[in-house]
Amino acid sequence: MAIDFFLIYRLLLTGLSAYNVIRVARSVAQYKPMYDRVPLWVRRFITDRGREFFGRALLNSRTDVAINLALLIILVILTLICWLI
C-alpha cells in the first residue's frame, strides 16, 4: 500500500483553510455586538479613515497588488483542477 502524500497535503490544506474561515466567522460574530454599540459618527469616521488609508496604499503599490491577485487566482484554479483530477 503506497502512501499518497499529495492527497494528505490537499486534505491538510483544505482542513486548515476551513478551520481559518470558521475562526474568522466566529470572531466577526463575537465582535459584531460591540461594533453595533459604537455611535454612528464614530463608525463613519473609522470607515472613512480606513478607506482613505487603504486606498492610498493600494494606489502606491497597484502593480504588486495586481500581480499577487493574479497569482492567487492561478493558485485557486490549480487547486480546483487538482481536486477534479
# chains A, B, ... in the order shown; residues from 1 in each chain; ligands from 1
>>> residues_around(residues="stretch 69-83 of chain A", least_positions_apart="2", cutoff="12 Å", atoms="only C-alpha atoms", output="PyMOL selection string")
chain A and resi 6-7+9-11+13-14+62-67+85
>>> atom_distance(atom1="atom CA of A:Met34", atom2="atom CA of A:Thr47")
15.7 Å
